$ cat model04.cif   # mmCIF, C-alpha atoms
data_structure
#
loop_
_atom_site.group_PDB
_atom_site.id
_atom_site.type_symbol
_atom_site.label_atom_id
_atom_site.label_comp_id
_atom_site.auth_asym_id
_atom_site.auth_seq_id
_atom_site.Cartn_x
_atom_site.Cartn_y
_atom_site.Cartn_z
ATOM 1 C CA MET A 1 -3.329 -7.050 -15.805
ATOM 2 C CA PRO A 2 -7.089 -7.126 -15.351
ATOM 3 C CA THR A 3 -9.015 -3.937 -16.053
ATOM 4 C CA THR A 4 -10.246 -3.953 -12.458
ATOM 5 C CA SER A 5 -6.663 -3.409 -11.243
ATOM 6 C CA ILE A 6 -6.238 -0.407 -13.521
ATOM 7 C CA ASP A 7 -9.622 0.951 -12.439
ATOM 8 C CA PHE A 8 -8.513 0.614 -8.816
ATOM 9 C CA LEU A 9 -5.216 2.416 -9.490
ATOM 10 C CA LYS A 10 -7.113 5.312 -11.100
ATOM 11 C CA ARG A 11 -8.875 5.855 -7.759
ATOM 12 C CA VAL A 12 -5.602 6.042 -5.803
ATOM 13 C CA SER A 13 -4.844 9.758 -5.355
ATOM 14 C CA MET A 14 -1.144 9.240 -6.045
ATOM 15 C CA PHE A 15 -1.954 7.892 -9.533
ATOM 16 C CA GLU A 16 -5.086 9.851 -10.496
ATOM 17 C CA ASP A 17 -3.294 12.076 -13.032
ATOM 18 C CA LEU A 18 -1.411 9.277 -14.813
ATOM 19 C CA ASP A 19 -2.237 8.257 -18.358
ATOM 20 C CA GLN A 20 -3.498 4.787 -19.297
ATOM 21 C CA ARG A 21 -0.071 3.570 -20.432
ATOM 22 C CA SER A 22 1.537 4.507 -17.103
ATOM 23 C CA LEU A 23 -1.284 2.860 -15.155
ATOM 24 C CA GLU A 24 -0.859 -0.317 -17.201
ATOM 25 C CA ALA A 25 2.890 -0.328 -16.485
ATOM 26 C CA ILE A 26 2.276 0.000 -12.748
ATOM 27 C CA ALA A 27 -0.443 -2.665 -12.808
ATOM 28 C CA ASN A 28 1.847 -5.056 -14.690
ATOM 29 C CA ALA A 29 4.701 -4.502 -12.217
ATOM 30 C CA ALA A 30 2.497 -4.849 -9.136
ATOM 31 C CA VAL A 31 2.407 -8.032 -7.100
ATOM 32 C CA GLU A 32 -0.728 -8.706 -5.078
ATOM 33 C CA GLN A 33 0.002 -9.893 -1.567
ATOM 34 C CA ARG A 34 -2.312 -10.825 1.274
ATOM 35 C CA TYR A 35 -1.507 -10.488 4.946
ATOM 36 C CA GLU A 36 -3.028 -11.998 8.051
ATOM 37 C CA PRO A 37 -4.397 -9.770 10.823
ATOM 38 C CA GLY A 38 -1.522 -8.686 13.069
ATOM 39 C CA GLN A 39 1.145 -9.692 10.548
ATOM 40 C CA GLU A 40 4.016 -7.207 10.230
ATOM 41 C CA ILE A 41 4.368 -5.905 6.674
ATOM 42 C CA VAL A 42 7.343 -3.575 6.919
ATOM 43 C CA ARG A 43 9.445 -2.161 9.743
ATOM 44 C CA GLU A 44 10.692 1.414 9.999
ATOM 45 C CA GLY A 45 14.204 1.589 8.548
ATOM 46 C CA ASP A 46 13.766 -1.360 6.157
ATOM 47 C CA THR A 47 15.194 -0.564 2.727
ATOM 48 C CA GLY A 48 14.109 -1.666 -0.719
ATOM 49 C CA VAL A 49 10.643 -2.774 0.335
ATOM 50 C CA GLY A 50 8.762 -0.809 -2.322
ATOM 51 C CA ALA A 51 5.367 0.790 -1.953
ATOM 52 C CA PHE A 52 2.205 -0.832 -0.677
ATOM 53 C CA ILE A 53 -1.278 0.140 -1.834
ATOM 54 C CA ILE A 54 -4.125 -1.055 0.331
ATOM 55 C CA ARG A 55 -6.809 -2.613 -1.833
ATOM 56 C CA SER A 56 -9.035 -3.852 0.988
ATOM 57 C CA GLY A 57 -8.901 -4.022 4.742
ATOM 58 C CA LYS A 58 -6.867 -1.771 6.974
ATOM 59 C CA VAL A 59 -3.294 -1.349 8.178
ATOM 60 C CA ASP A 60 -2.258 0.043 11.533
ATOM 61 C CA ILE A 61 0.896 2.151 11.490
ATOM 62 C CA VAL A 62 2.764 1.488 14.720
ATOM 63 C CA GLN A 63 5.815 3.330 16.004
ATOM 64 C CA ASP A 64 8.197 2.253 18.752
ATOM 65 C CA ARG A 65 8.263 4.974 21.385
ATOM 66 C CA GLU A 66 10.570 4.322 24.316
ATOM 67 C CA GLY A 67 10.217 0.574 23.962
ATOM 68 C CA LYS A 68 6.435 0.601 23.611
ATOM 69 C CA GLU A 69 4.529 0.218 20.374
ATOM 70 C CA GLN A 70 2.044 3.017 19.803
ATOM 71 C CA LYS A 71 -0.501 3.140 16.977
ATOM 72 C CA ILE A 72 -0.139 6.460 15.174
ATOM 73 C CA ALA A 73 -2.466 5.924 12.199
ATOM 74 C CA THR A 74 -4.825 3.495 10.520
ATOM 75 C CA LEU A 75 -4.826 3.311 6.724
ATOM 76 C CA GLY A 76 -7.464 1.827 4.432
ATOM 77 C CA PRO A 77 -8.311 1.152 0.780
ATOM 78 C CA GLY A 78 -6.497 3.471 -1.621
ATOM 79 C CA ASP A 79 -3.880 4.533 0.933
ATOM 80 C CA VAL A 80 -0.192 4.082 0.079
ATOM 81 C CA PHE A 81 2.706 3.419 2.450
ATOM 82 C CA GLY A 82 6.236 2.026 2.407
#

$ encode --input "model04.cif" --output "structure tokens"
Amino acid sequence: MPTTSIDFLKRVSMFEDLDQRSLEAIANAAVEQRYEPGQEIVREGDTGVGAFIIRSGKVDIVQDREGKEQKIATLGPGDVFG
């Protein structure tokens, strides 16, 4: 895994206390994916989807409330969800 990926992981608060070996293991297991604007990434209740770390861009977290979608948060680089 490129050093830049490990450097990025070090800046993610969830991983900031991990040692180099652990960061390398995570970087090697990670799969980079790109999404189009408006594309659904994961739906509430989905199982086995893993964790997503935003490297660039933003993700809107939307919740279905009484049949209407309502944005409850916007996440950006370094944020984790899933």

$ atom_distance --input "model04.cif" --atom1 "atom CA of A:Glu36" --atom2 "atom CA of A:Ile72"
20.0 Å

$ residues_near_point --input "model04.cif" --point "(5.3, -4.9, 11.2)" --cutoff "12 Å" --atoms "all atoms listed in the file" --output "PDB file with C-alpha atoms, keeping the file's coordinate frame"
ATOM      1  CA  TYR A  35      -1.507 -10.488   4.946  1.00  0.00           C
ATOM      2  CA  GLU A  36      -3.028 -11.998   8.051  1.00  0.00           C
ATOM      3  CA  PRO A  37      -4.397  -9.770  10.823  1.00  0.00           C
ATOM      4  CA  GLY A  38      -1.522  -8.686  13.069  1.00  0.00           C
ATOM      5  CA  GLN A  39       1.145  -9.692  10.548  1.00  0.00           C
ATOM      6  CA  GLU A  40       4.016  -7.207  10.230  1.00  0.00           C
ATOM      7  CA  ILE A  41       4.368  -5.905   6.674  1.00  0.00           C
ATOM      8  CA  VAL A  42       7.343  -3.575   6.919  1.00  0.00           C
ATOM      9  CA  ARG A  43       9.445  -2.161   9.743  1.00  0.00           C
ATOM     10  CA  GLU A  44      10.692   1.414   9.999  1.00  0.00           C
ATOM     11  CA  GLY A  45      14.204   1.589   8.548  1.00  0.00           C
ATOM     12  CA  ASP A  46      13.766  -1.360   6.157  1.00  0.00           C
ATOM     13  CA  VAL A  59      -3.294  -1.349   8.178  1.00  0.00           C
ATOM     14  CA  ASP A  60      -2.258   0.043  11.533  1.00  0.00           C
ATOM     15  CA  ILE A  61       0.896   2.151  11.490  1.00  0.00           C
ATOM     16  CA  VAL A  62       2.764   1.488  14.720  1.00  0.00           C
ATOM     17  CA  GLN A  63       5.815   3.330  16.004  1.00  0.00           C
ATOM     18  CA  ASP A  64       8.197   2.253  18.752  1.00  0.00           C
ATOM     19  CA  GLU A  69       4.529   0.218  20.374  1.00  0.00           C
ATOM     20  CA  LYS A  71      -0.501   3.140  16.977  1.00  0.00           C
ATOM     21  CA  GLY A  82       6.236   2.026   2.407  1.00  0.00           C
TER      22      GLY A  82
END

$ resolve_selection --input "model04.cif" --expression "the PyMOL selection byres ((chain A and resi 14) around 12)" --output "PyMOL selection string"
chain A and resi 8-13+15-18+23+26+51-53+78-81

$ atom_distance --input "model04.cif" --atom1 "atom CA of A:Ala27" --atom2 "atom CA of A:Thr74"
24.5 Å

$ atom_distance --input "model04.cif" --atom1 "atom CA of A:Ser56" --atom2 "atom CA of A:Arg21"
24.4 Å

$ closest_residue --input "model04.cif" --among "A:Gln20, A:Arg65, A:Ile54, A:Thr47" --to "A:Arg34" --atoms "only C-alpha atoms"
A:Ile54

$ residues_around --input "model04.cif" --residues "A:Lys58" --least-positions-apart "6" --cutoff "8 Å" --atoms "all atoms listed in the file" --output "JSON, numbers by chain"
{"A": [74, 75, 76, 77]}

$ axis_aligned_box --input "model04.cif" --around "stretch 13-20 of chain A" --padding-each-side "5 Å" --output "AutoDock Vina command-line options"
--center_x -3.1 --center_y 8.4 --center_z -12.3 --size_x 13.9 --size_y 17.3 --size_z 23.9

$ build_atoms --input "model04.cif" --residues "stretch 22-35 of chain A" --atoms "N, CA and C atoms" --output "PDB file, in the frame of the given file"
ATOM      1  N   SER A  22       0.821   4.535 -18.385  1.00  0.00           N
ATOM      2  CA  SER A  22       1.537   4.507 -17.103  1.00  0.00           C
ATOM      3  C   SER A  22       0.822   3.616 -16.097  1.00  0.00           C
ATOM      4  N   LEU A  23      -0.507   3.714 -16.058  1.00  0.00           N
ATOM      5  CA  LEU A  23      -1.284   2.860 -15.155  1.00  0.00           C
ATOM      6  C   LEU A  23      -1.098   1.387 -15.496  1.00  0.00           C
ATOM      7  N   GLU A  24      -1.074   1.072 -16.779  1.00  0.00           N
ATOM      8  CA  GLU A  24      -0.859  -0.317 -17.201  1.00  0.00           C
ATOM      9  C   GLU A  24       0.518  -0.806 -16.774  1.00  0.00           C
ATOM     10  N   ALA A  25       1.534   0.056 -16.887  1.00  0.00           N
ATOM     11  CA  ALA A  25       2.890  -0.328 -16.485  1.00  0.00           C
ATOM     12  C   ALA A  25       2.947  -0.620 -14.984  1.00  0.00           C
ATOM     13  N   ILE A  26       2.303   0.220 -14.199  1.00  0.00           N
ATOM     14  CA  ILE A  26       2.276   0.000 -12.748  1.00  0.00           C
ATOM     15  C   ILE A  26       1.515  -1.280 -12.425  1.00  0.00           C
ATOM     16  N   ALA A  27       0.366  -1.465 -13.055  1.00  0.00           N
ATOM     17  CA  ALA A  27      -0.443  -2.665 -12.808  1.00  0.00           C
ATOM     18  C   ALA A  27       0.329  -3.932 -13.180  1.00  0.00           C
ATOM     19  N   ASN A  28       1.079  -3.884 -14.263  1.00  0.00           N
ATOM     20  CA  ASN A  28       1.847  -5.056 -14.690  1.00  0.00           C
ATOM     21  C   ASN A  28       3.019  -5.350 -13.763  1.00  0.00           C
ATOM     22  N   ALA A  29       3.566  -4.313 -13.125  1.00  0.00           N
ATOM     23  CA  ALA A  29       4.701  -4.502 -12.217  1.00  0.00           C
ATOM     24  C   ALA A  29       4.252  -4.883 -10.805  1.00  0.00           C
ATOM     25  N   ALA A  30       3.001  -4.616 -10.497  1.00  0.00           N
ATOM     26  CA  ALA A  30       2.497  -4.849  -9.136  1.00  0.00           C
ATOM     27  C   ALA A  30       2.362  -6.338  -8.835  1.00  0.00           C
ATOM     28  N   VAL A  31       2.575  -6.666  -7.585  1.00  0.00           N
ATOM     29  CA  VAL A  31       2.407  -8.032  -7.100  1.00  0.00           C
ATOM     30  C   VAL A  31       1.389  -7.980  -5.963  1.00  0.00           C
ATOM     31  N   GLU A  32       0.285  -8.695  -6.135  1.00  0.00           N
ATOM     32  CA  GLU A  32      -0.728  -8.706  -5.078  1.00  0.00           C
ATOM     33  C   GLU A  32      -0.283  -9.628  -3.958  1.00  0.00           C
ATOM     34  N   GLN A  33      -0.363  -9.108  -2.738  1.00  0.00           N
ATOM     35  CA  GLN A  33       0.002  -9.893  -1.567  1.00  0.00           C
ATOM     36  C   GLN A  33      -1.112  -9.775  -0.540  1.00  0.00           C
ATOM     37  N   ARG A  34      -1.300 -10.831   0.210  1.00  0.00           N
ATOM     38  CA  ARG A  34      -2.312 -10.825   1.274  1.00  0.00           C
ATOM     39  C   ARG A  34      -1.596 -11.041   2.605  1.00  0.00           C
ATOM     40  N   TYR A  35      -2.101 -10.392   3.620  1.00  0.00           N
ATOM     41  CA  TYR A  35      -1.507 -10.488   4.946  1.00  0.00           C
ATOM     42  C   TYR A  35      -2.573 -10.870   5.962  1.00  0.00           C
TER      43      TYR A  35
END
